[in-house]
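So this one's target-v8.txt, compact mmCIF, C-alpha atoms:
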```
# COMPACT_ATOMS: atom_id res chain seq x y z
CA MET A 6 -12.10 7.95 -8.96
CA SER A 7 -14.09 10.91 -7.75
CA ARG A 8 -13.58 14.52 -8.80
CA ASP A 9 -16.46 16.04 -6.86
CA ASP A 10 -15.49 15.52 -3.21
CA GLY A 11 -16.57 11.88 -3.29
CA LYS A 12 -20.18 12.51 -4.39
CA SER A 13 -19.91 10.52 -7.61
CA TRP A 14 -17.46 7.87 -8.77
CA SER A 15 -16.40 6.30 -12.03
CA GLN A 16 -14.20 3.30 -12.78
CA VAL A 17 -11.23 4.76 -14.65
CA HIS A 18 -9.20 1.58 -15.17
CA TRP A 19 -9.79 -2.14 -15.37
CA GLY A 20 -7.16 -4.77 -16.13
CA TYR A 21 -8.13 -8.40 -15.74
CA PRO A 22 -9.67 -10.54 -12.97
CA GLY A 23 -7.14 -10.54 -10.13
CA SER A 24 -6.44 -12.45 -6.92
CA ASP A 25 -4.24 -12.16 -3.84
CA HIS A 26 -1.53 -13.85 -5.89
CA GLY A 27 -1.17 -13.29 -9.61
CA LEU A 28 -0.47 -10.79 -12.35
CA TRP A 29 -3.43 -8.58 -11.41
CA ALA A 30 -3.19 -8.58 -7.63
CA THR A 31 -3.90 -4.95 -6.67
CA LYS A 32 -3.60 -3.91 -3.04
CA ALA A 33 -2.01 -0.49 -2.72
CA ILE A 34 -1.85 3.03 -4.10
CA ALA A 35 0.39 6.00 -3.29
CA TYR A 36 0.42 9.67 -4.23
CA THR A 37 3.03 12.39 -4.28
CA SER A 38 3.49 15.66 -6.17
CA GLY A 39 0.69 15.14 -8.67
CA VAL A 40 1.28 11.50 -9.61
CA PHE A 41 -0.55 8.36 -8.48
CA VAL A 42 1.15 4.93 -8.59
CA VAL A 43 -0.45 1.49 -8.20
CA PRO A 44 1.66 -1.68 -7.99
CA ILE A 45 0.01 -4.68 -9.64
CA GLY A 46 1.09 -8.30 -9.35
CA TRP A 47 2.13 -10.28 -6.27
CA GLY A 48 3.73 -13.72 -6.36
CA ALA A 49 4.03 -12.94 -10.05
CA ALA A 50 5.59 -10.27 -12.24
CA THR A 51 5.04 -6.85 -10.69
CA ALA A 52 4.37 -3.66 -12.64
CA TRP A 53 3.82 -0.11 -11.44
CA LEU A 54 0.96 1.70 -13.15
CA ALA A 55 0.87 5.47 -12.89
CA SER A 56 -1.15 8.49 -13.88
CA GLU A 57 -1.08 12.23 -13.41
CA ASP A 58 -4.65 12.83 -14.60
CA GLY A 59 -6.26 9.77 -13.01
CA GLU A 60 -7.53 8.49 -16.32
CA THR A 61 -4.52 7.78 -18.53
CA TRP A 62 -2.68 4.92 -16.86
CA ARG A 63 0.62 3.50 -18.10
CA HIS A 64 3.78 2.02 -16.63
CA LEU A 65 5.64 4.40 -14.32
CA THR A 66 8.98 3.32 -15.77
CA ASN A 67 10.25 4.70 -19.03
CA GLY A 68 11.61 1.24 -19.78
CA LYS A 69 15.22 2.34 -19.92
CA THR A 70 16.26 1.52 -16.38
CA GLN A 71 18.00 -1.81 -16.22
CA LEU A 72 16.85 -3.48 -13.04
CA THR A 73 18.81 -6.40 -11.68
CA GLY A 74 17.70 -9.15 -9.35
CA ILE A 75 14.41 -9.93 -11.07
CA LYS A 76 14.32 -13.55 -12.16
CA ALA A 77 12.90 -14.26 -15.61
CA ALA A 78 12.38 -10.58 -16.37
CA ASP A 79 15.10 -10.33 -18.97
CA GLY A 80 14.01 -8.24 -21.86
CA ASP A 81 10.81 -6.93 -20.32
CA PRO A 82 11.44 -3.39 -19.06
CA SER A 83 8.01 -3.13 -17.48
CA VAL A 84 8.71 -5.77 -14.82
CA MET A 85 9.54 -4.30 -11.41
CA LEU A 86 10.72 -5.94 -8.21
CA GLY A 87 8.03 -7.69 -6.19
CA THR A 88 6.04 -4.93 -4.49
CA TRP A 89 3.89 -5.42 -1.39
CA GLY A 90 3.57 -1.78 -0.41
CA ILE A 91 4.32 1.70 -1.73
CA ALA A 92 4.64 5.17 -0.22
CA GLY A 93 5.13 8.62 -1.67
CA GLY A 94 6.79 11.73 -0.27
CA LYS A 95 8.78 14.72 -1.53
CA GLY A 96 8.12 13.60 -5.10
CA VAL A 97 9.69 10.20 -4.49
CA PHE A 98 7.98 6.81 -4.64
CA VAL A 99 9.43 4.08 -2.43
CA THR A 100 8.40 0.44 -2.57
CA GLY A 101 9.11 -2.74 -0.62
CA GLY A 102 8.22 -6.37 -1.00
CA TYR A 103 10.70 -9.11 -0.31
CA MET A 104 14.42 -8.53 0.24
CA MET A 105 14.80 -5.38 -1.86
CA MET A 106 13.51 -1.83 -1.72
CA ASP A 107 13.14 0.46 -4.74
CA ALA A 108 12.92 4.21 -5.12
CA THR A 109 12.26 6.53 -8.02
CA PRO A 110 12.81 10.29 -7.53
CA ASP A 111 11.73 11.33 -11.02
CA PHE A 112 8.52 9.47 -11.80
CA GLY A 113 10.07 6.41 -13.40
CA LYS A 114 13.00 7.85 -15.29
CA THR A 115 15.48 6.38 -12.82
CA ILE A 116 14.87 3.56 -10.36
CA THR A 117 17.29 2.55 -7.64
CA ILE A 118 17.40 -0.73 -5.74
CA PHE A 119 18.62 -1.37 -2.22
CA ALA A 120 19.26 -5.03 -1.43
CA SER A 121 18.50 -6.03 2.15
CA HIS A 122 21.15 -8.70 1.88
CA LYS A 123 23.56 -5.97 2.95
CA PHE A 124 22.04 -6.22 6.41
CA LYS A 125 23.63 -9.63 6.79
CA GLN A 126 26.76 -7.76 7.73
CA ASN A 127 24.83 -6.58 10.75
CA SER A 128 25.99 -7.89 14.10
CA ARG A 129 22.63 -9.07 15.43
CA SER A 130 22.14 -12.76 16.05
CA ARG A 131 19.46 -13.54 13.52
CA LYS A 132 19.67 -13.70 9.76
CA LEU A 133 17.36 -11.39 7.86
CA VAL A 134 14.68 -13.32 6.01
CA THR A 135 11.81 -10.99 5.34
CA HIS A 136 8.80 -10.41 3.13
CA HIS A 137 5.56 -8.41 3.00
CA VAL A 138 7.65 -5.26 3.41
CA GLY A 139 5.58 -2.09 3.21
CA PRO A 140 6.92 1.48 3.46
CA VAL A 141 5.40 4.59 5.00
CA TYR A 142 6.45 8.24 4.63
CA CYS A 143 6.98 9.89 8.03
CA GLY A 144 6.41 13.45 6.76
CA ASP A 145 8.42 16.42 5.57
CA THR A 146 9.78 17.28 9.04
CA SER A 147 11.98 14.20 9.15
CA GLY A 148 11.86 13.32 5.44
CA ARG A 149 12.28 9.73 6.52
CA PHE A 150 10.71 6.62 5.07
CA LEU A 151 10.09 3.66 7.38
CA ALA A 152 9.25 0.15 6.25
CA LEU A 153 7.78 -2.78 8.16
CA GLY A 154 8.18 -6.40 7.15
CA ASN A 155 7.43 -9.89 8.42
CA ASP A 156 10.28 -12.00 9.71
CA ARG A 157 10.76 -15.49 8.35
CA SER A 158 13.96 -16.30 10.22
CA LYS A 159 14.23 -19.31 12.50
CA GLU A 160 14.54 -16.93 15.43
CA ASN A 161 11.41 -15.08 14.33
CA PRO A 162 11.03 -12.22 16.83
CA VAL A 163 7.61 -11.33 18.19
CA PHE A 164 7.83 -7.91 16.59
CA GLU A 165 9.00 -8.43 13.02
CA ASN A 166 11.43 -6.07 11.19
CA LEU A 167 11.62 -2.29 10.94
CA TYR A 168 13.78 -0.38 8.45
CA ALA A 169 14.51 3.31 7.93
CA SER A 170 15.77 5.45 5.06
CA ASP A 171 16.98 9.03 5.51
CA ASP A 172 17.91 9.59 1.88
CA LEU A 173 14.54 9.11 0.21
CA GLY A 174 14.89 5.37 -0.28
CA GLN A 175 18.41 5.26 -1.64
CA SER A 176 19.78 3.33 1.32
CA TRP A 177 18.27 1.72 4.40
CA ILE A 178 19.21 0.79 7.94
CA TRP A 179 17.76 -2.12 9.90
CA LEU A 180 16.44 -0.66 13.13
CA GLU A 181 16.43 -2.62 16.34
CA PRO A 182 13.64 -1.03 18.42
CA MET A 183 14.08 -2.74 21.77
CA LEU A 184 10.74 -1.65 23.18
CA LEU A 185 8.88 -3.04 20.17
CA ASN A 186 10.90 -6.24 20.23
CA GLU A 187 9.98 -6.78 23.85
CA LYS A 188 6.41 -5.55 24.05
CA CYS A 189 4.81 -5.28 20.60
CA ASN A 190 3.12 -8.48 19.55
CA GLY A 191 3.41 -8.32 15.77
CA TYR A 192 1.78 -5.50 13.87
CA SER A 193 -1.33 -4.77 11.88
CA GLY A 194 -0.53 -1.32 10.56
CA ILE A 195 1.79 1.67 10.55
CA VAL A 196 0.89 5.29 9.73
CA SER A 197 2.29 8.77 10.29
CA ASN A 198 0.55 12.13 10.69
CA GLY A 199 3.77 13.99 9.96
CA GLU A 200 4.70 14.37 13.62
CA THR A 201 3.97 11.01 15.19
CA VAL A 202 4.46 7.53 13.74
CA LEU A 203 2.03 4.95 15.12
CA ILE A 204 2.18 1.16 14.95
CA ALA A 205 -0.82 -0.96 15.91
CA ASP A 206 0.02 -4.40 17.24
CA LYS A 207 -1.26 -7.59 15.66
CA GLU A 208 -4.68 -7.37 17.29
CA ALA A 209 -4.75 -3.55 17.28
CA ALA A 210 -5.47 -3.77 21.00
CA ASN A 211 -2.34 -1.72 21.75
CA VAL A 212 -0.39 0.90 19.87
CA PHE A 213 3.14 2.24 20.04
CA ILE A 214 4.20 5.73 19.01
CA SER A 215 7.39 7.48 17.97
CA ALA A 216 7.97 11.23 17.93
CA ASN A 217 11.31 10.96 16.12
CA ALA A 218 10.38 8.93 13.05
CA GLY A 219 11.14 5.55 14.55
CA ASP A 220 14.36 6.05 16.51
CA THR A 221 12.67 5.61 19.90
CA TRP A 222 9.22 4.35 20.84
CA GLU A 223 6.64 4.71 23.61
CA GLY A 224 3.93 2.26 24.58
CA PRO A 225 1.99 0.11 24.76
CA PHE A 226 -1.08 2.34 24.86
CA PRO A 227 -4.41 0.45 24.97
CA SER A 228 -6.63 1.43 22.04
CA GLY A 229 -9.91 0.23 23.53
CA THR A 230 -10.69 -1.93 20.52
CA ALA A 231 -9.43 -5.11 18.88
CA ARG A 232 -9.20 -6.72 15.47
CA ALA A 233 -9.46 -3.23 13.98
CA SER A 234 -7.96 -1.67 10.88
CA LEU A 235 -5.78 1.41 11.14
CA SER A 236 -6.42 4.56 9.13
CA MET A 237 -4.91 8.03 9.05
CA VAL A 238 -7.89 10.40 8.96
CA GLY A 239 -6.63 13.93 8.61
CA THR A 240 -4.14 14.15 11.47
CA GLU A 241 -6.03 11.67 13.67
CA PHE A 242 -5.37 7.97 14.12
CA TRP A 243 -8.49 5.87 13.68
CA LEU A 244 -8.92 2.20 14.53
CA LEU A 245 -12.02 0.68 12.98
CA GLY A 246 -13.33 -2.64 14.26
CA SER A 247 -16.68 -4.37 14.11
CA LYS A 248 -17.21 -3.97 17.86
CA ALA A 249 -15.60 -0.59 18.50
CA ALA A 250 -14.22 2.32 16.51
CA ARG A 251 -11.75 4.57 18.32
CA ALA A 252 -9.79 7.71 17.51
CA SER A 253 -6.72 9.45 18.91
CA ARG A 254 -4.77 12.60 18.18
CA ASP A 255 -1.59 11.52 19.93
CA GLY A 256 -1.84 7.72 20.11
CA LYS A 257 -1.89 7.81 23.90
CA THR A 258 -5.50 8.63 24.68
CA TRP A 259 -8.36 7.15 22.67
CA CYS A 260 -12.02 8.03 22.45
CA ASP A 261 -15.09 6.47 20.87
CA LEU A 262 -16.05 7.37 17.33
CA PRO A 263 -19.73 7.64 16.39
CA LYS A 264 -21.75 4.42 16.32
CA GLY A 265 -22.11 3.06 12.84
CA ILE A 266 -18.65 3.96 11.59
CA PRO A 267 -18.03 1.36 8.85
CA THR A 268 -15.20 -1.14 9.07
CA GLY A 269 -12.35 -1.04 6.59
CA LYS A 270 -10.24 1.92 5.57
CA ILE A 271 -11.14 5.61 5.68
CA VAL A 272 -9.46 8.58 4.06
CA ALA A 273 -10.31 12.26 4.52
CA SER A 274 -10.12 15.24 2.22
CA PRO A 275 -8.59 18.45 3.61
CA ASP A 276 -12.14 19.79 3.99
CA GLY A 277 -13.13 16.82 6.14
CA THR A 278 -15.14 14.67 3.75
CA LEU A 279 -14.69 11.02 4.73
CA ILE A 280 -14.60 8.15 2.24
CA SER A 281 -14.79 4.51 3.38
CA ILE A 282 -13.82 1.32 1.55
CA ASP A 283 -13.56 -2.28 2.73
CA ARG A 284 -12.02 -5.28 1.05
CA HIS A 285 -15.06 -7.32 2.06
CA ARG A 286 -17.73 -5.12 0.49
CA TYR A 287 -18.27 -3.81 -2.99
CA ASN A 288 -19.17 -0.20 -2.46
CA ILE A 289 -17.87 3.20 -1.40
CA LEU A 290 -19.38 5.14 1.51
CA ARG A 291 -19.22 8.90 2.18
CA SER A 292 -19.75 11.08 5.23
CA THR A 293 -19.66 14.85 5.58
CA ASP A 294 -20.44 15.05 9.32
CA SER A 295 -17.32 13.47 10.86
CA GLY A 296 -18.69 9.94 10.52
CA GLU A 297 -22.13 10.38 12.11
CA ARG A 298 -24.04 9.49 8.93
CA TRP A 299 -22.91 7.56 5.88
CA GLY A 300 -24.30 7.17 2.41
CA GLU A 301 -23.40 4.78 -0.38
CA VAL A 302 -22.01 6.71 -3.33
CA HIS A 303 -20.79 3.86 -5.54
CA ARG A 304 -21.33 0.11 -5.97
CA PHE A 305 -19.67 -2.35 -8.32
CA GLN A 306 -20.01 -6.01 -9.27
CA PRO A 307 -17.03 -8.10 -8.06
CA GLU A 308 -15.33 -10.81 -10.05
CA THR A 309 -16.32 -14.32 -8.94
CA GLU A 310 -14.69 -16.76 -11.36
CA ASN A 311 -11.03 -17.79 -11.44
CA VAL A 312 -10.15 -15.50 -8.54
CA HIS A 313 -9.33 -15.83 -4.86
CA GLY A 314 -9.04 -13.23 -2.14
CA ALA A 315 -11.41 -10.46 -1.15
CA GLN A 316 -12.54 -8.54 -4.20
CA GLY A 317 -13.54 -5.32 -2.49
CA LEU A 318 -11.46 -2.15 -2.68
CA ARG A 319 -8.11 -2.44 -0.88
CA ASP A 320 -6.61 1.03 -0.69
CA ILE A 321 -7.52 4.66 -1.24
CA VAL A 322 -5.74 8.02 -1.37
CA PHE A 323 -6.59 11.67 -1.71
CA GLY A 324 -4.51 13.72 -4.15
CA TYR A 325 -4.56 16.20 -6.99
CA THR A 326 -4.66 15.61 -10.72
CA ALA A 327 -3.45 17.71 -13.58
CA ASN A 328 -6.72 18.49 -15.30
CA LYS A 329 -10.06 19.60 -13.99
CA ARG A 330 -13.14 18.74 -15.98
CA MET B 6 8.27 -14.57 -20.73
CA LEU B 7 5.23 -13.69 -18.63
CA ILE B 8 4.26 -17.35 -18.82
CA LEU B 9 7.43 -18.18 -16.89
CA LEU B 10 6.75 -15.43 -14.41
CA HIS B 11 3.21 -16.60 -13.88
CA LEU B 12 4.42 -20.09 -13.01
CA THR B 13 5.11 -18.87 -9.48
CA THR B 14 1.53 -17.79 -9.13
CA ILE B 15 0.22 -21.12 -10.29
CA ILE B 16 2.34 -22.91 -7.71
CA VAL B 17 1.31 -20.57 -4.93
CA CYS B 18 -2.36 -20.79 -5.70
CA ALA B 19 -2.28 -24.55 -6.21
CA GLU B 20 -5.37 -24.31 -8.27
CA GLU B 21 -6.25 -25.02 -11.85
CA LEU B 22 -6.84 -21.99 -13.97
CA PRO B 23 -8.06 -22.28 -17.54
CA ALA B 24 -5.21 -21.80 -20.01
CA GLY B 25 -7.19 -19.14 -21.80
CA PHE B 26 -7.61 -17.20 -18.57
CA ILE B 27 -3.89 -17.15 -17.88
CA LYS B 28 -3.08 -16.15 -21.45
CA GLY B 29 -5.63 -13.39 -21.29
CA SER B 30 -4.12 -11.96 -18.10
CA GLU B 31 -0.68 -11.91 -19.71
CA GLU B 32 -1.91 -10.32 -22.92
CA ARG B 33 -3.73 -7.62 -20.98
CA ARG B 34 -0.51 -6.75 -19.13
CA GLU B 35 1.42 -6.59 -22.38
CA ARG B 36 -0.96 -3.95 -23.76
CA ILE B 37 -0.06 -1.41 -21.07
CA PRO B 38 2.09 1.35 -22.59
CA ILE B 39 5.49 2.35 -21.22
CA GLY B 40 5.61 5.59 -19.20
CA GLY B 41 8.35 7.83 -17.91
CA ASN B 42 6.64 10.81 -19.52
CA PHE B 43 4.71 12.31 -16.65
CA SER B 44 3.91 16.01 -16.46
CA PRO B 45 2.17 16.54 -13.15
CA SER B 46 0.29 19.72 -12.46
CA PRO B 47 -1.61 19.01 -9.27
CA ILE B 48 -4.59 21.33 -9.17
CA ALA B 49 -7.80 19.27 -9.09
CA PRO B 50 -8.64 17.36 -5.87
CA VAL B 51 -9.60 13.71 -6.32
CA PHE B 52 -10.02 10.46 -4.44
CA VAL B 53 -8.66 7.29 -6.06
CA ALA B 54 -9.45 3.80 -4.74
CA VAL B 55 -8.05 0.50 -6.01
CA GLY B 56 -8.79 -3.22 -5.82
CA HIS B 57 -7.84 -6.51 -7.40
CA GLY B 58 -7.85 -6.70 -11.15
CA GLY B 59 -6.40 -3.25 -11.67
CA ARG B 60 -9.77 -1.84 -10.67
CA PHE B 61 -9.16 1.90 -10.20
```

Show how you would write the structure in this file as structure tokens.
Amino acid sequence: MSRDDGKSWSQVHWGYPGSDHGLWATKAIAYTSGVFVVPIGWGAATAWLASEDGETWRHLTNGKTQLTGIKAADGDPSVMLGTWGIAGGKGVFVTGGYMMMDATPDFGKTITIFASHKFKQNSRSRKLVTHHVGPVYCGDTSGRFLALGNDRSKENPVFENLYASDDLGQSWIWLEPMLLNEKCNGYSGIVSNGETVLIADKEAANVFISANAGDTWEGPFPSGTARASLSMVGTEFWLLGSKAARASRDGKTWCDLPKGIPTGKIVASPDGTLISIDRHRYNILRSTDSGERWGEVHRFQPETENVHGAQGLRDIVFGYTANKR
Amino acid sequence: MLILLHLTTIIVCAEELPAGFIKGSEERRERIPIGGNFSPSPIAPVFVAVGHGGRF
């Protein structure tokens, strides 16, 4: 965590050596209204760790919500539904993973579950079998959460599954975006700048955009790069690949970013400071000149024994904590 | 109970992990306190990054 605009960093929490699958798998973080939440555990019992000061981390849940549908979790109130991704907006945290989505509007006091099995009543031809479901908040204008998930059905469509919630995660609809189904080859990321939602296809060579929080889509728009990772940097969409880094304000037209932009994920502060992480390296980089020059501001030693999966940093957010030292 | 939950992980990973390692990961999880008592007052700007192992 950094409290000084990314100049210096300290490790504020450590659990136990973790892998892509296991009790300490850690891949995502979300922020809303002064609280940070990190899901831990994938392919194993999931827990949501939370903090409002960035240093005192505990379960988000108060342990009194009786969750159903979690096998072998009887009696352990800290176990949450399997969580692949998490998003925050309007003081609500929304998560997705397998066939259920959760939401908590009061920082863990109450937690609701929406079972995707309800979609089986839908009239479309294929049965919903999904996983790796990750939500994104579209912004306060629409107040909508979207979620993207892989499709494991026999009829596996080229473009996987897209869901939408207009009541802050309480209930969901299974969207059928015809343009994406016909022209979007998988996906590698989804982000929103509050006005436009953007999906990068599997290779990030093309993107698709929506100006109405996912109801209708435009595209494909060539990004000018490939095998790139998608970041929301301020209000701009950035695609960062090893061969080319490109940026766009509207998703339609793309321009080159400065040479030497690091791969991985980038987040910006409101003042424009850029912070870069990558799952394949063990440091944090910082730029204060829109990505022209970068400096290493933190380095750590990764775990090497009894683990699998990239041990670099996976996700990053900017937010506000309660106390200021 | 977490031993049962971790069984899935062992199957998925298809690898041998030392029994002490697995027990340690479970015990570390069990030491995390329950929450539900958050009092946010968002005033101080911060960046927070995360990675495997509960590395924040």

Original post:
Which neighbours of Arg60 (chain B) fall inside 7 Å, counting all atoms listed in the file, when residues of the same chain fewer than 5 positions from it are skipped, and could you give them as a count of residues only?
Top reply: 4

**OP:** Write out as an MDAnalysis selection string the residues lying within 7 Å of region 46-49 of chain B, counting all atoms listed in the file and excluding same-chain residues fewer than 3 positions away.
**Re:** chainID A and resid 38:39 325:329

Residue hits in chain A, query chain B, radius 6 Å, only C-alpha atoms, as a PDB file with C-alpha atoms, in the coordinates of the input:
```
ATOM      1  CA  MET A   6     -12.100   7.950  -8.960  1.00  0.00           C
ATOM      2  CA  SER A   7     -14.090  10.910  -7.750  1.00  0.00           C
ATOM      3  CA  ARG A   8     -13.580  14.520  -8.800  1.00  0.00           C
ATOM      4  CA  GLN A  16     -14.200   3.300 -12.780  1.00  0.00           C
ATOM      5  CA  VAL A  17     -11.230   4.760 -14.650  1.00  0.00           C
ATOM      6  CA  HIS A  18      -9.200   1.580 -15.170  1.00  0.00           C
ATOM      7  CA  TRP A  19      -9.790  -2.140 -15.370  1.00  0.00           C
ATOM      8  CA  GLY A  20      -7.160  -4.770 -16.130  1.00  0.00           C
ATOM      9  CA  TYR A  21      -8.130  -8.400 -15.740  1.00  0.00           C
ATOM     10  CA  PRO A  22      -9.670 -10.540 -12.970  1.00  0.00           C
ATOM     11  CA  GLY A  23      -7.140 -10.540 -10.130  1.00  0.00           C
ATOM     12  CA  HIS A  26      -1.530 -13.850  -5.890  1.00  0.00           C
ATOM     13  CA  GLY A  27      -1.170 -13.290  -9.610  1.00  0.00           C
ATOM     14  CA  TRP A  29      -3.430  -8.580 -11.410  1.00  0.00           C
ATOM     15  CA  ALA A  30      -3.190  -8.580  -7.630  1.00  0.00           C
ATOM     16  CA  THR A  31      -3.900  -4.950  -6.670  1.00  0.00           C
ATOM     17  CA  LYS A  32      -3.600  -3.910  -3.040  1.00  0.00           C
ATOM     18  CA  GLY A  39       0.690  15.140  -8.670  1.00  0.00           C
ATOM     19  CA  GLY A  48       3.730 -13.720  -6.360  1.00  0.00           C
ATOM     20  CA  ALA A  49       4.030 -12.940 -10.050  1.00  0.00           C
ATOM     21  CA  ALA A  50       5.590 -10.270 -12.240  1.00  0.00           C
ATOM     22  CA  GLU A  57      -1.080  12.230 -13.410  1.00  0.00           C
ATOM     23  CA  ARG A  63       0.620   3.500 -18.100  1.00  0.00           C
ATOM     24  CA  HIS A  64       3.780   2.020 -16.630  1.00  0.00           C
ATOM     25  CA  LEU A  65       5.640   4.400 -14.320  1.00  0.00           C
ATOM     26  CA  THR A  66       8.980   3.320 -15.770  1.00  0.00           C
ATOM     27  CA  ASN A  67      10.250   4.700 -19.030  1.00  0.00           C
ATOM     28  CA  GLY A 113      10.070   6.410 -13.400  1.00  0.00           C
ATOM     29  CA  LYS A 114      13.000   7.850 -15.290  1.00  0.00           C
ATOM     30  CA  LEU A 318     -11.460  -2.150  -2.680  1.00  0.00           C
ATOM     31  CA  ARG A 319      -8.110  -2.440  -0.880  1.00  0.00           C
ATOM     32  CA  ASP A 320      -6.610   1.030  -0.690  1.00  0.00           C
ATOM     33  CA  ILE A 321      -7.520   4.660  -1.240  1.00  0.00           C
ATOM     34  CA  VAL A 322      -5.740   8.020  -1.370  1.00  0.00           C
ATOM     35  CA  PHE A 323      -6.590  11.670  -1.710  1.00  0.00           C
ATOM     36  CA  GLY A 324      -4.510  13.720  -4.150  1.00  0.00           C
ATOM     37  CA  TYR A 325      -4.560  16.200  -6.990  1.00  0.00           C
ATOM     38  CA  THR A 326      -4.660  15.610 -10.720  1.00  0.00           C
ATOM     39  CA  ALA A 327      -3.450  17.710 -13.580  1.00  0.00           C
ATOM     40  CA  LYS A 329     -10.060  19.600 -13.990  1.00  0.00           C
TER      41      LYS A 329
END
```

**OP:** Using all atoms listed in the file, pick whichever of A:Trp62, A:Phe112, A:Phe119, A:Tyr36 has the shortest atom-to-atom distance to Gly93 (chain A).
**Re:**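 Of A:Trp62, A:Phe112, A:Phe119, A:Tyr36, the one nearest Gly93 (chain A), counting all atoms listed in the file, is A:Tyr36.
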
**OP:** List the residues sitting within 10 Å of (-20.2, 13.9, 11.5) in the file's frame, using all atoms listed in the file, as a list of chain:residue names.
**Re:**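 Checked against the point, the hits come out as A:Leu262, A:Pro263, A:Gly277, A:Thr278, A:Leu279, A:Ser292, A:Thr293, A:Asp294, A:Ser295, A:Gly296, A:Glu297, A:Arg298, A:Trp299.
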
Mind dumping the selected residues with C-alpha atoms as a PDB file, keeping the file's coordinate frame?
```pdb
ATOM      1  CA  LEU A 262     -16.050   7.370  17.330  1.00  0.00           C
ATOM      2  CA  PRO A 263     -19.730   7.640  16.390  1.00  0.00           C
ATOM      3  CA  GLY A 277     -13.130  16.820   6.140  1.00  0.00           C
ATOM      4  CA  THR A 278     -15.140  14.670   3.750  1.00  0.00           C
ATOM      5  CA  LEU A 279     -14.690  11.020   4.730  1.00  0.00           C
ATOM      6  CA  SER A 292     -19.750  11.080   5.230  1.00  0.00           C
ATOM      7  CA  THR A 293     -19.660  14.850   5.580  1.00  0.00           C
ATOM      8  CA  ASP A 294     -20.440  15.050   9.320  1.00  0.00           C
ATOM      9  CA  SER A 295     -17.320  13.470  10.860  1.00  0.00           C
ATOM     10  CA  GLY A 296     -18.690   9.940  10.520  1.00  0.00           C
ATOM     11  CA  GLU A 297     -22.130  10.380  12.110  1.00  0.00           C
ATOM     12  CA  ARG A 298     -24.040   9.490   8.930  1.00  0.00           C
ATOM     13  CA  TRP A 299     -22.910   7.560   5.880  1.00  0.00           C
TER      14      TRP A 299
END
```

**OP:** Could you jot down the CA of Val40 (chain A) to CA of Val99 (chain A) separation for me, Å, one decimal place?
**Re:**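 Computing it gives 13.2 Å between the two atoms.
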
Subject >> Surrounding residues of region 131-136 of chain A excluding itself and chain neighbours under 3 positions, 10 Å, all atoms listed in the file, as a count of residues only >> reply: 30
